[in-house]
Structures are given as structure tokens and as C-alpha cells.
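This is structure24.cif (mmCIF, N, CA and C atoms).
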```cif
data_input
#
loop_
_atom_site.label_atom_id
_atom_site.label_comp_id
_atom_site.auth_asym_id
_atom_site.auth_seq_id
_atom_site.Cartn_x
_atom_site.Cartn_y
_atom_site.Cartn_z
N MET A 1 -52.41 151.48 -56.28
CA MET A 1 -53.42 151.88 -55.32
C MET A 1 -52.75 152.70 -54.22
N ASN A 2 -53.35 153.79 -53.83
CA ASN A 2 -52.79 154.58 -52.73
C ASN A 2 -53.78 154.64 -51.58
N GLN A 3 -53.36 155.24 -50.47
CA GLN A 3 -54.20 155.26 -49.28
C GLN A 3 -55.56 155.90 -49.52
N SER A 4 -55.64 156.87 -50.38
CA SER A 4 -56.91 157.55 -50.60
C SER A 4 -57.92 156.63 -51.30
N LYS A 5 -57.46 155.52 -51.87
CA LYS A 5 -58.37 154.61 -52.56
C LYS A 5 -58.81 153.44 -51.69
N ILE A 6 -58.28 153.33 -50.49
CA ILE A 6 -58.71 152.27 -49.58
C ILE A 6 -60.07 152.67 -49.03
N LYS A 7 -61.02 151.75 -49.12
CA LYS A 7 -62.37 152.02 -48.64
C LYS A 7 -62.73 151.05 -47.54
N LEU A 8 -63.53 151.49 -46.60
CA LEU A 8 -64.02 150.64 -45.53
C LEU A 8 -64.95 149.58 -46.10
N ASN A 9 -65.00 148.45 -45.41
CA ASN A 9 -65.93 147.37 -45.73
C ASN A 9 -65.75 146.83 -47.15
N GLN A 10 -64.53 146.80 -47.61
CA GLN A 10 -64.19 146.24 -48.91
C GLN A 10 -63.20 145.11 -48.70
N ILE A 11 -63.20 144.15 -49.60
CA ILE A 11 -62.21 143.07 -49.56
C ILE A 11 -61.23 143.32 -50.69
N TYR A 12 -59.95 143.33 -50.34
CA TYR A 12 -58.89 143.53 -51.32
C TYR A 12 -58.08 142.24 -51.42
N ASN A 13 -57.98 141.70 -52.61
CA ASN A 13 -57.23 140.47 -52.84
C ASN A 13 -55.82 140.85 -53.27
N MET A 14 -54.92 140.91 -52.28
CA MET A 14 -53.54 141.30 -52.57
C MET A 14 -52.64 140.76 -51.47
N ASP A 15 -51.37 140.83 -51.70
CA ASP A 15 -50.40 140.45 -50.68
C ASP A 15 -50.66 141.33 -49.46
N CYS A 16 -50.79 140.72 -48.30
CA CYS A 16 -51.12 141.47 -47.08
C CYS A 16 -50.09 142.55 -46.78
N ARG A 17 -48.83 142.30 -47.13
CA ARG A 17 -47.79 143.31 -46.86
C ARG A 17 -48.04 144.56 -47.68
N ASP A 18 -48.46 144.38 -48.93
CA ASP A 18 -48.77 145.54 -49.78
C ASP A 18 -50.03 146.24 -49.31
N GLY A 19 -51.03 145.46 -48.96
CA GLY A 19 -52.29 146.05 -48.49
C GLY A 19 -52.13 146.82 -47.20
N LEU A 20 -51.36 146.27 -46.26
CA LEU A 20 -51.15 146.97 -44.99
C LEU A 20 -50.42 148.29 -45.18
N ARG A 21 -49.52 148.36 -46.16
CA ARG A 21 -48.79 149.61 -46.42
C ARG A 21 -49.72 150.73 -46.88
N LEU A 22 -50.90 150.37 -47.35
CA LEU A 22 -51.86 151.36 -47.83
C LEU A 22 -52.69 151.96 -46.70
N ILE A 23 -52.58 151.39 -45.53
CA ILE A 23 -53.36 151.86 -44.37
C ILE A 23 -52.53 152.87 -43.59
N PRO A 24 -53.09 154.03 -43.29
CA PRO A 24 -52.34 155.02 -42.50
C PRO A 24 -51.96 154.47 -41.13
N SER A 25 -50.90 155.00 -40.56
CA SER A 25 -50.42 154.59 -39.23
C SER A 25 -51.45 154.87 -38.15
N LYS A 26 -51.51 153.96 -37.20
CA LYS A 26 -52.33 154.10 -35.98
C LYS A 26 -53.81 154.37 -36.29
N LYS A 27 -54.37 153.64 -37.26
CA LYS A 27 -55.77 153.80 -37.63
C LYS A 27 -56.62 152.57 -37.36
N VAL A 28 -55.99 151.45 -36.98
CA VAL A 28 -56.70 150.18 -36.89
C VAL A 28 -56.87 149.78 -35.42
N ASP A 29 -58.11 149.41 -35.06
CA ASP A 29 -58.39 148.95 -33.70
C ASP A 29 -58.03 147.49 -33.50
N LEU A 30 -58.28 146.65 -34.51
CA LEU A 30 -58.11 145.22 -34.35
C LEU A 30 -57.60 144.60 -35.64
N VAL A 31 -56.58 143.76 -35.52
CA VAL A 31 -56.06 142.97 -36.64
C VAL A 31 -56.31 141.51 -36.30
N VAL A 32 -56.97 140.79 -37.20
CA VAL A 32 -57.16 139.35 -37.07
C VAL A 32 -56.51 138.73 -38.28
N THR A 33 -55.52 137.88 -38.06
CA THR A 33 -54.78 137.29 -39.17
C THR A 33 -54.96 135.79 -39.21
N ASP A 34 -54.92 135.27 -40.41
CA ASP A 34 -54.92 133.84 -40.65
C ASP A 34 -53.96 133.64 -41.81
N GLU A 35 -52.69 133.84 -41.50
CA GLU A 35 -51.67 133.86 -42.54
C GLU A 35 -51.48 132.48 -43.16
N PRO A 36 -50.82 132.41 -44.32
CA PRO A 36 -50.52 131.09 -44.90
C PRO A 36 -49.74 130.26 -43.89
N PHE A 37 -50.03 128.99 -43.86
CA PHE A 37 -49.47 128.15 -42.83
C PHE A 37 -48.16 127.46 -43.20
N ALA A 38 -47.64 127.68 -44.40
CA ALA A 38 -46.40 127.01 -44.83
C ALA A 38 -46.50 125.52 -44.55
N LEU A 39 -47.49 124.90 -45.15
CA LEU A 39 -47.88 123.55 -44.77
C LEU A 39 -47.00 122.42 -45.30
N LYS A 40 -45.91 122.71 -45.94
CA LYS A 40 -45.05 121.63 -46.41
C LYS A 40 -44.26 121.08 -45.24
N PHE A 41 -44.73 119.99 -44.71
CA PHE A 41 -44.04 119.36 -43.60
C PHE A 41 -44.15 117.85 -43.77
N HIS A 42 -43.47 117.13 -42.94
CA HIS A 42 -43.43 115.68 -43.06
C HIS A 42 -44.27 115.04 -41.96
N GLY A 43 -45.55 115.33 -42.00
CA GLY A 43 -46.46 114.75 -41.01
C GLY A 43 -46.93 113.38 -41.45
N ARG A 44 -47.70 112.74 -40.61
CA ARG A 44 -48.25 111.44 -40.95
C ARG A 44 -49.31 111.61 -42.02
N PRO A 45 -49.35 110.75 -43.02
CA PRO A 45 -50.33 110.88 -44.11
C PRO A 45 -51.77 110.97 -43.62
N GLU A 46 -52.12 110.24 -42.55
CA GLU A 46 -53.51 110.29 -42.09
C GLU A 46 -53.87 111.65 -41.49
N ASN A 47 -52.87 112.46 -41.11
CA ASN A 47 -53.12 113.80 -40.58
C ASN A 47 -52.99 114.88 -41.66
N TYR A 48 -52.44 114.51 -42.79
CA TYR A 48 -52.14 115.52 -43.81
C TYR A 48 -52.35 114.92 -45.19
N ASN A 49 -53.58 114.63 -45.50
CA ASN A 49 -53.91 114.00 -46.77
C ASN A 49 -54.46 115.08 -47.69
N ARG A 50 -53.58 115.69 -48.45
CA ARG A 50 -53.99 116.81 -49.29
C ARG A 50 -53.36 116.66 -50.67
N THR A 51 -54.18 116.73 -51.67
CA THR A 51 -53.68 116.69 -53.04
C THR A 51 -53.98 118.02 -53.70
N LYS A 52 -53.26 118.33 -54.76
CA LYS A 52 -53.41 119.62 -55.42
C LYS A 52 -54.85 119.88 -55.85
N LYS A 53 -55.55 118.86 -56.32
CA LYS A 53 -56.92 119.06 -56.79
C LYS A 53 -57.89 119.45 -55.67
N LEU A 54 -57.52 119.17 -54.42
CA LEU A 54 -58.39 119.51 -53.29
C LEU A 54 -58.09 120.89 -52.69
N VAL A 55 -56.97 121.48 -53.03
CA VAL A 55 -56.57 122.75 -52.43
C VAL A 55 -57.34 123.89 -53.10
N ILE A 56 -57.79 124.81 -52.29
CA ILE A 56 -58.56 125.96 -52.78
C ILE A 56 -57.71 126.78 -53.73
N GLU A 57 -58.28 127.17 -54.88
CA GLU A 57 -57.55 127.95 -55.88
C GLU A 57 -57.05 129.26 -55.28
N GLY A 58 -55.80 129.59 -55.58
CA GLY A 58 -55.21 130.82 -55.08
C GLY A 58 -54.41 130.65 -53.80
N TYR A 59 -54.53 129.49 -53.16
CA TYR A 59 -53.77 129.25 -51.94
C TYR A 59 -52.29 129.16 -52.29
N GLU A 60 -51.48 129.92 -51.57
CA GLU A 60 -50.04 129.89 -51.80
C GLU A 60 -49.33 129.56 -50.51
N GLU A 61 -48.37 128.67 -50.61
CA GLU A 61 -47.57 128.34 -49.45
C GLU A 61 -46.31 129.20 -49.45
N ILE A 62 -45.94 129.66 -48.29
CA ILE A 62 -44.69 130.40 -48.13
C ILE A 62 -43.62 129.36 -47.83
N PRO A 63 -42.53 129.33 -48.59
CA PRO A 63 -41.47 128.37 -48.29
C PRO A 63 -40.97 128.55 -46.85
N LYS A 64 -40.72 127.44 -46.20
CA LYS A 64 -40.31 127.46 -44.79
C LYS A 64 -39.11 128.38 -44.55
N GLU A 65 -38.16 128.38 -45.49
CA GLU A 65 -36.96 129.20 -45.32
C GLU A 65 -37.25 130.70 -45.43
N ASP A 66 -38.41 131.07 -45.99
CA ASP A 66 -38.79 132.48 -46.15
C ASP A 66 -39.82 132.93 -45.11
N TYR A 67 -40.30 132.00 -44.30
CA TYR A 67 -41.45 132.29 -43.46
C TYR A 67 -41.17 133.30 -42.36
N LEU A 68 -40.00 133.26 -41.75
CA LEU A 68 -39.69 134.22 -40.69
C LEU A 68 -39.66 135.64 -41.25
N LEU A 69 -38.98 135.84 -42.36
CA LEU A 69 -38.92 137.18 -42.97
C LEU A 69 -40.31 137.64 -43.40
N PHE A 70 -41.09 136.76 -44.02
CA PHE A 70 -42.46 137.08 -44.41
C PHE A 70 -43.26 137.54 -43.19
N THR A 71 -43.13 136.81 -42.08
CA THR A 71 -43.89 137.13 -40.87
C THR A 71 -43.44 138.46 -40.27
N ILE A 72 -42.14 138.69 -40.23
CA ILE A 72 -41.63 139.97 -39.72
C ILE A 72 -42.17 141.12 -40.57
N GLU A 73 -42.16 140.95 -41.89
CA GLU A 73 -42.61 142.03 -42.78
C GLU A 73 -44.07 142.38 -42.56
N TRP A 74 -44.96 141.39 -42.48
CA TRP A 74 -46.37 141.75 -42.29
C TRP A 74 -46.64 142.22 -40.87
N LEU A 75 -45.90 141.69 -39.88
CA LEU A 75 -46.09 142.15 -38.51
C LEU A 75 -45.63 143.61 -38.33
N ILE A 76 -44.57 144.00 -39.00
CA ILE A 76 -44.12 145.40 -38.94
C ILE A 76 -45.24 146.31 -39.41
N GLU A 77 -45.86 145.96 -40.52
CA GLU A 77 -46.93 146.80 -41.08
C GLU A 77 -48.19 146.75 -40.21
N ALA A 78 -48.52 145.58 -39.68
CA ALA A 78 -49.69 145.48 -38.81
C ALA A 78 -49.48 146.30 -37.54
N LYS A 79 -48.29 146.22 -36.96
CA LYS A 79 -47.97 147.00 -35.75
C LYS A 79 -48.07 148.50 -36.04
N ARG A 80 -47.56 148.91 -37.19
CA ARG A 80 -47.60 150.33 -37.56
C ARG A 80 -49.04 150.81 -37.73
N ALA A 81 -49.89 149.98 -38.32
CA ALA A 81 -51.28 150.36 -38.59
C ALA A 81 -52.14 150.36 -37.33
N LEU A 82 -51.76 149.58 -36.33
CA LEU A 82 -52.55 149.48 -35.10
C LEU A 82 -52.49 150.75 -34.27
N LYS A 83 -53.62 151.10 -33.70
CA LYS A 83 -53.64 152.18 -32.71
C LYS A 83 -52.84 151.74 -31.49
N ASP A 84 -52.40 152.68 -30.68
CA ASP A 84 -51.62 152.36 -29.50
C ASP A 84 -52.34 151.40 -28.57
N ASP A 85 -53.67 151.49 -28.51
CA ASP A 85 -54.45 150.59 -27.66
C ASP A 85 -55.12 149.48 -28.47
N GLY A 86 -54.63 149.23 -29.68
CA GLY A 86 -55.20 148.20 -30.54
C GLY A 86 -54.77 146.79 -30.12
N SER A 87 -55.42 145.82 -30.71
CA SER A 87 -55.14 144.41 -30.43
C SER A 87 -54.95 143.64 -31.73
N MET A 88 -54.26 142.50 -31.62
CA MET A 88 -54.04 141.65 -32.78
C MET A 88 -54.22 140.20 -32.37
N TYR A 89 -54.95 139.45 -33.19
CA TYR A 89 -55.10 138.02 -33.02
C TYR A 89 -54.43 137.34 -34.20
N ILE A 90 -53.48 136.45 -33.91
CA ILE A 90 -52.72 135.78 -34.95
C ILE A 90 -53.04 134.29 -34.89
N LEU A 91 -53.64 133.76 -35.95
CA LEU A 91 -53.88 132.33 -36.06
C LEU A 91 -52.67 131.73 -36.76
N SER A 92 -52.14 130.66 -36.21
CA SER A 92 -50.94 130.08 -36.78
C SER A 92 -50.99 128.57 -36.70
N GLY A 93 -50.53 127.93 -37.74
CA GLY A 93 -50.38 126.49 -37.68
C GLY A 93 -49.19 126.13 -36.81
N TRP A 94 -49.21 124.94 -36.26
CA TRP A 94 -48.13 124.52 -35.35
C TRP A 94 -46.79 124.50 -36.04
N ASN A 95 -46.78 124.21 -37.35
CA ASN A 95 -45.52 124.08 -38.06
C ASN A 95 -44.87 125.42 -38.39
N SER A 96 -45.59 126.53 -38.24
CA SER A 96 -45.00 127.85 -38.44
C SER A 96 -44.98 128.67 -37.15
N LEU A 97 -45.38 128.05 -36.07
CA LEU A 97 -45.49 128.76 -34.79
C LEU A 97 -44.14 129.32 -34.33
N LYS A 98 -43.07 128.56 -34.50
CA LYS A 98 -41.75 129.03 -34.08
C LYS A 98 -41.41 130.36 -34.76
N GLU A 99 -41.65 130.45 -36.07
CA GLU A 99 -41.34 131.67 -36.81
C GLU A 99 -42.23 132.82 -36.35
N VAL A 100 -43.50 132.56 -36.11
CA VAL A 100 -44.42 133.61 -35.66
C VAL A 100 -43.98 134.13 -34.29
N LEU A 101 -43.68 133.22 -33.36
CA LEU A 101 -43.27 133.65 -32.02
C LEU A 101 -41.91 134.36 -32.05
N THR A 102 -41.00 133.92 -32.92
CA THR A 102 -39.71 134.59 -33.06
C THR A 102 -39.91 136.01 -33.58
N ALA A 103 -40.77 136.17 -34.59
CA ALA A 103 -41.05 137.51 -35.13
C ALA A 103 -41.67 138.41 -34.07
N ILE A 104 -42.58 137.87 -33.27
CA ILE A 104 -43.20 138.63 -32.19
C ILE A 104 -42.13 139.10 -31.20
N ASP A 105 -41.21 138.22 -30.88
CA ASP A 105 -40.12 138.59 -29.97
C ASP A 105 -39.22 139.66 -30.58
N ILE A 106 -38.84 139.48 -31.83
CA ILE A 106 -37.98 140.45 -32.50
C ILE A 106 -38.60 141.84 -32.50
N LEU A 107 -39.90 141.90 -32.75
CA LEU A 107 -40.61 143.18 -32.83
C LEU A 107 -41.10 143.66 -31.46
N GLN A 108 -40.82 142.91 -30.42
CA GLN A 108 -41.17 143.26 -29.05
C GLN A 108 -42.67 143.52 -28.89
N LEU A 109 -43.46 142.64 -29.49
CA LEU A 109 -44.91 142.69 -29.29
C LEU A 109 -45.24 141.93 -28.01
N GLU A 110 -46.27 142.37 -27.33
CA GLU A 110 -46.66 141.74 -26.08
C GLU A 110 -47.68 140.63 -26.35
N VAL A 111 -47.41 139.44 -25.86
CA VAL A 111 -48.34 138.32 -25.95
C VAL A 111 -49.12 138.25 -24.65
N ILE A 112 -50.44 138.37 -24.75
CA ILE A 112 -51.28 138.32 -23.55
C ILE A 112 -51.83 136.91 -23.34
N ASN A 113 -52.27 136.28 -24.41
CA ASN A 113 -52.80 134.92 -24.34
C ASN A 113 -52.27 134.11 -25.51
N HIS A 114 -52.20 132.81 -25.32
CA HIS A 114 -51.75 131.92 -26.38
C HIS A 114 -52.68 130.71 -26.43
N PRO A 115 -53.90 130.89 -26.97
CA PRO A 115 -54.84 129.76 -27.02
C PRO A 115 -54.40 128.73 -28.06
N ILE A 116 -54.73 127.48 -27.81
CA ILE A 116 -54.44 126.39 -28.73
C ILE A 116 -55.77 125.83 -29.23
N TRP A 117 -55.91 125.71 -30.55
CA TRP A 117 -57.11 125.16 -31.16
C TRP A 117 -56.72 123.84 -31.82
N ASN A 118 -57.27 122.75 -31.37
CA ASN A 118 -56.96 121.44 -31.92
C ASN A 118 -57.99 121.12 -33.00
N THR A 119 -57.54 121.09 -34.25
CA THR A 119 -58.45 120.87 -35.37
C THR A 119 -57.75 120.08 -36.45
N SER A 120 -58.53 119.54 -37.36
CA SER A 120 -57.95 118.86 -38.53
C SER A 120 -57.61 119.91 -39.58
N LEU A 121 -57.01 119.47 -40.67
CA LEU A 121 -56.62 120.39 -41.75
C LEU A 121 -57.68 120.51 -42.83
N GLU A 122 -58.88 120.00 -42.60
CA GLU A 122 -59.91 119.98 -43.63
C GLU A 122 -60.33 121.38 -44.08
N PHE A 123 -60.13 122.38 -43.26
CA PHE A 123 -60.59 123.73 -43.58
C PHE A 123 -59.87 124.33 -44.79
N ILE A 124 -58.76 123.79 -45.24
CA ILE A 124 -58.07 124.35 -46.40
C ILE A 124 -58.40 123.59 -47.68
N GLN A 125 -59.33 122.64 -47.58
CA GLN A 125 -59.68 121.84 -48.73
C GLN A 125 -61.05 122.22 -49.25
N LYS A 126 -61.26 121.93 -50.53
CA LYS A 126 -62.58 122.16 -51.13
C LYS A 126 -63.61 121.21 -50.56
N THR A 127 -63.19 119.98 -50.31
CA THR A 127 -64.11 118.97 -49.79
C THR A 127 -63.44 118.22 -48.66
N SER A 128 -64.23 117.66 -47.77
CA SER A 128 -63.69 116.83 -46.71
C SER A 128 -63.26 115.50 -47.29
N LEU A 129 -62.25 114.92 -46.69
CA LEU A 129 -61.78 113.61 -47.15
C LEU A 129 -62.49 112.51 -46.43
#
```

For this file, write the structure as C-alpha cells.
Amino acid sequence: MNQSKIKLNQIYNMDCRDGLRLIPSKKVDLVVTDEPFALKFHGRPENYNRTKKLVIEGYEEIPKEDYLLFTIEWLIEAKRALKDDGSMYILSGWNSLKEVLTAIDILQLEVINHPIWNTSLEFIQKTSL
């Protein structure tokens, strides 16, 4: 797929890094991300009760050791695609927040606000537990 085949108001199911490379530089007003949360952590079972049968098909976890590089790669492309006066909202789980903030620092992106949303993990499951 090349840039001439990207169409507005379409959903493309692909690695975000590949998809972002198809967008011309400085063409995007707003990026809203909800990246994979790299959810393999050692939390309390009552806070993290998830079995394979409950996980939405196609969900992929990024290994913790690869998460910083993954984040830097997609942020580079998102920054390139953003207009100079564009904005980006990054949703991040607490367990990958360090990597996201480190990538933001490395790429010298400006953080204006850092809202915290306190929620359960039910949103990644097919059914509530």
C-alpha cells in the first residue's frame, strides 16, 4: 500500500508504524492513540483476572523489553505526520507509562497535560467478570 491509496474515513487494520509511514508529513491535525498496554505484569489477581478465552481476538501484547523501542518508533511517525500546530493524545496503561514518558522525552515532545483515568481492565475483555 502506498500513500496514494490511503483514503479518508477508512479503517486500516495494520501495524500502526506501517500505517503511519503511509501518511504524508505534516498532514494530521490530531492523533489519538490507545496503544497496546503490554499487560504482562504481576498485579493482584483481583485487579487482573484475564484468561485467554476472554481476550478480544487479535489483541497482541508488546513484550516489556521491546516496549520502549516500539513506542519510539510509532511516536517518530506520529510526530512526522502531525502538522506543526497539531496535537496528540496518548492513552497509556500505568505499567507502560515509564516507557511512554521516556520516549516522549527522547523525542522532545511537549507534554501539556497528564490526566489520570482510574478504571478497571474490563474494557479489553469480551465480557465482564

**OP:** Starting from the displayed file, determine the output of the PyMOL selection byres (((chain A and resi 12-29 and name CA) around 7) and name CA) and express the residue list as a count of residues only.
**Re:** 16

**OP:** Using all atoms listed in the file, determine which residues lie at most 8 Å from Leu68 in chain A, disregarding the query and same-chain residues fewer than 2 positions distant; provide the list as a list of chain:residue names.
**Re:**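 The contact residues come out as A:Pro63, A:Lys64, A:Glu65, A:Asp66, A:Phe70, A:Thr71, A:Ile72, A:Glu73, A:Trp74, A:Lys98, A:Glu99, A:Val100, A:Thr102, A:Ala103.
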
Original post:
What gap, in Å, lies between CA of Ile106 in chain A and CA of Ile6 in chain A?
Top reply: 29.3 Å

Original post:
Using the chain letters and numbers from the file, which residues does the PyMOL selection byres (((chain A and resi 116 and name CA) around 10) and name CA) grab, as a list in words?
Top reply: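 With the PyMOL selection byres (((chain A and resi 116 and name CA) around 10) and name CA) on this model, the match is Leu91, Ser92, Gly93, Trp94, Asn113, His114, Pro115, Trp117, Asn118 and Thr119 of chain A.
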
Subject >> Nearby residues, (-54.5, 132.5, -37.3) file frame, 6 Å, only N, CA and C atoms, as a PyMOL selection string >> reply: chain A and resi 33-35+89-92

**OP:** Could you tell me how far CA of Glu61 in chain A lies from CA of Leu109 in chain A, in Å and to one decimal?
**Re:** 24.9 Å

Original post:
Expressed in Å to a single decimal, how great is the separation between CA of Ile62 in chain A and CA of Glu110 in chain A?
Top reply: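 Distance reported for this atom pair: 24.9 Å.
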
Can you tell me, as lines of an AutoDock Vina configuration file, the centre and edge lengths (Å, one decimal) of the axis-aligned box enclosing all of range 8-25 of chain A's listed atoms after padding each side by 4 Å?
```
center_x = -56.9
center_y = 147.7
center_z = -45.7
size_x = 26.1
size_y = 22.6
size_z = 23.1
```

Some atoms are absent from range 67-92 of chain A, so rebuild N, CA, C and O atoms and return them as a JSON list (two decimals), keeping the file's coordinate frame.
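Generated output (rebuild.json):
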```json
[["chain", "number", "residue", "atom", "x", "y", "z"],
["A", 67, "TYR", "N", -40.30, 132.00, -44.30],
["A", 67, "TYR", "CA", -41.45, 132.29, -43.46],
["A", 67, "TYR", "C", -41.17, 133.30, -42.36],
["A", 67, "TYR", "O", -42.02, 134.15, -42.06],
["A", 68, "LEU", "N", -40.00, 133.26, -41.75],
["A", 68, "LEU", "CA", -39.69, 134.22, -40.69],
["A", 68, "LEU", "C", -39.66, 135.64, -41.25],
["A", 68, "LEU", "O", -40.28, 136.55, -40.70],
["A", 69, "LEU", "N", -38.98, 135.84, -42.36],
["A", 69, "LEU", "CA", -38.92, 137.18, -42.97],
["A", 69, "LEU", "C", -40.31, 137.64, -43.40],
["A", 69, "LEU", "O", -40.69, 138.79, -43.16],
["A", 70, "PHE", "N", -41.09, 136.76, -44.02],
["A", 70, "PHE", "CA", -42.46, 137.08, -44.41],
["A", 70, "PHE", "C", -43.26, 137.54, -43.19],
["A", 70, "PHE", "O", -43.94, 138.57, -43.22],
["A", 71, "THR", "N", -43.13, 136.81, -42.08],
["A", 71, "THR", "CA", -43.89, 137.13, -40.87],
["A", 71, "THR", "C", -43.44, 138.46, -40.27],
["A", 71, "THR", "O", -44.27, 139.28, -39.86],
["A", 72, "ILE", "N", -42.14, 138.69, -40.23],
["A", 72, "ILE", "CA", -41.63, 139.97, -39.72],
["A", 72, "ILE", "C", -42.17, 141.12, -40.57],
["A", 72, "ILE", "O", -42.61, 142.14, -40.03],
["A", 73, "GLU", "N", -42.16, 140.95, -41.89],
["A", 73, "GLU", "CA", -42.61, 142.03, -42.78],
["A", 73, "GLU", "C", -44.07, 142.38, -42.56],
["A", 73, "GLU", "O", -44.42, 143.56, -42.46],
["A", 74, "TRP", "N", -44.96, 141.39, -42.48],
["A", 74, "TRP", "CA", -46.37, 141.75, -42.29],
["A", 74, "TRP", "C", -46.64, 142.22, -40.87],
["A", 74, "TRP", "O", -47.48, 143.09, -40.64],
["A", 75, "LEU", "N", -45.90, 141.69, -39.88],
["A", 75, "LEU", "CA", -46.09, 142.15, -38.51],
["A", 75, "LEU", "C", -45.63, 143.61, -38.33],
["A", 75, "LEU", "O", -46.25, 144.36, -37.58],
["A", 76, "ILE", "N", -44.57, 144.00, -39.00],
["A", 76, "ILE", "CA", -44.12, 145.40, -38.94],
["A", 76, "ILE", "C", -45.24, 146.31, -39.41],
["A", 76, "ILE", "O", -45.55, 147.33, -38.78],
["A", 77, "GLU", "N", -45.86, 145.96, -40.52],
["A", 77, "GLU", "CA", -46.93, 146.80, -41.08],
["A", 77, "GLU", "C", -48.19, 146.75, -40.21],
["A", 77, "GLU", "O", -48.85, 147.77, -40.02],
["A", 78, "ALA", "N", -48.52, 145.58, -39.68],
["A", 78, "ALA", "CA", -49.69, 145.48, -38.81],
["A", 78, "ALA", "C", -49.48, 146.30, -37.54],
["A", 78, "ALA", "O", -50.38, 147.02, -37.10],
["A", 79, "LYS", "N", -48.29, 146.22, -36.96],
["A", 79, "LYS", "CA", -47.97, 147.00, -35.75],
["A", 79, "LYS", "C", -48.07, 148.50, -36.04],
["A", 79, "LYS", "O", -48.60, 149.26, -35.23],
["A", 80, "ARG", "N", -47.56, 148.91, -37.19],
["A", 80, "ARG", "CA", -47.60, 150.33, -37.56],
["A", 80, "ARG", "C", -49.04, 150.81, -37.73],
["A", 80, "ARG", "O", -49.41, 151.90, -37.31],
["A", 81, "ALA", "N", -49.89, 149.98, -38.32],
["A", 81, "ALA", "CA", -51.28, 150.36, -38.59],
["A", 81, "ALA", "C", -52.14, 150.36, -37.33],
["A", 81, "ALA", "O", -53.13, 151.09, -37.25],
["A", 82, "LEU", "N", -51.76, 149.58, -36.33],
["A", 82, "LEU", "CA", -52.55, 149.48, -35.10],
["A", 82, "LEU", "C", -52.49, 150.75, -34.27],
["A", 82, "LEU", "O", -51.43, 151.37, -34.13],
["A", 83, "LYS", "N", -53.62, 151.10, -33.70],
["A", 83, "LYS", "CA", -53.64, 152.18, -32.71],
["A", 83, "LYS", "C", -52.84, 151.74, -31.49],
["A", 83, "LYS", "O", -52.63, 150.54, -31.27],
["A", 84, "ASP", "N", -52.40, 152.68, -30.68],
["A", 84, "ASP", "CA", -51.62, 152.36, -29.50],
["A", 84, "ASP", "C", -52.34, 151.40, -28.57],
["A", 84, "ASP", "O", -51.72, 150.58, -27.89],
["A", 85, "ASP", "N", -53.67, 151.49, -28.51],
["A", 85, "ASP", "CA", -54.45, 150.59, -27.66],
["A", 85, "ASP", "C", -55.12, 149.48, -28.47],
["A", 85, "ASP", "O", -56.06, 148.85, -28.01],
["A", 86, "GLY", "N", -54.63, 149.23, -29.68],
["A", 86, "GLY", "CA", -55.20, 148.20, -30.54],
["A", 86, "GLY", "C", -54.77, 146.79, -30.12],
["A", 86, "GLY", "O", -53.88, 146.61, -29.29],
["A", 87, "SER", "N", -55.42, 145.82, -30.71],
["A", 87, "SER", "CA", -55.14, 144.41, -30.43],
["A", 87, "SER", "C", -54.95, 143.64, -31.73],
["A", 87, "SER", "O", -55.44, 144.05, -32.78],
["A", 88, "MET", "N", -54.26, 142.50, -31.62],
["A", 88, "MET", "CA", -54.04, 141.65, -32.78],
["A", 88, "MET", "C", -54.22, 140.20, -32.37],
["A", 88, "MET", "O", -53.72, 139.78, -31.32],
["A", 89, "TYR", "N", -54.95, 139.45, -33.19],
["A", 89, "TYR", "CA", -55.10, 138.02, -33.02],
["A", 89, "TYR", "C", -54.43, 137.34, -34.20],
["A", 89, "TYR", "O", -54.75, 137.62, -35.35],
["A", 90, "ILE", "N", -53.48, 136.45, -33.91],
["A", 90, "ILE", "CA", -52.72, 135.78, -34.95],
["A", 90, "ILE", "C", -53.04, 134.29, -34.89],
["A", 90, "ILE", "O", -52.76, 133.63, -33.89],
["A", 91, "LEU", "N", -53.64, 133.76, -35.95],
["A", 91, "LEU", "CA", -53.88, 132.33, -36.06],
["A", 91, "LEU", "C", -52.67, 131.73, -36.76],
["A", 91, "LEU", "O", -52.24, 132.23, -37.80],
["A", 92, "SER", "N", -52.14, 130.66, -36.21],
["A", 92, "SER", "CA", -50.94, 130.08, -36.78],
["A", 92, "SER", "C", -50.99, 128.57, -36.70],
["A", 92, "SER", "O", -51.44, 128.02, -35.70]]
```
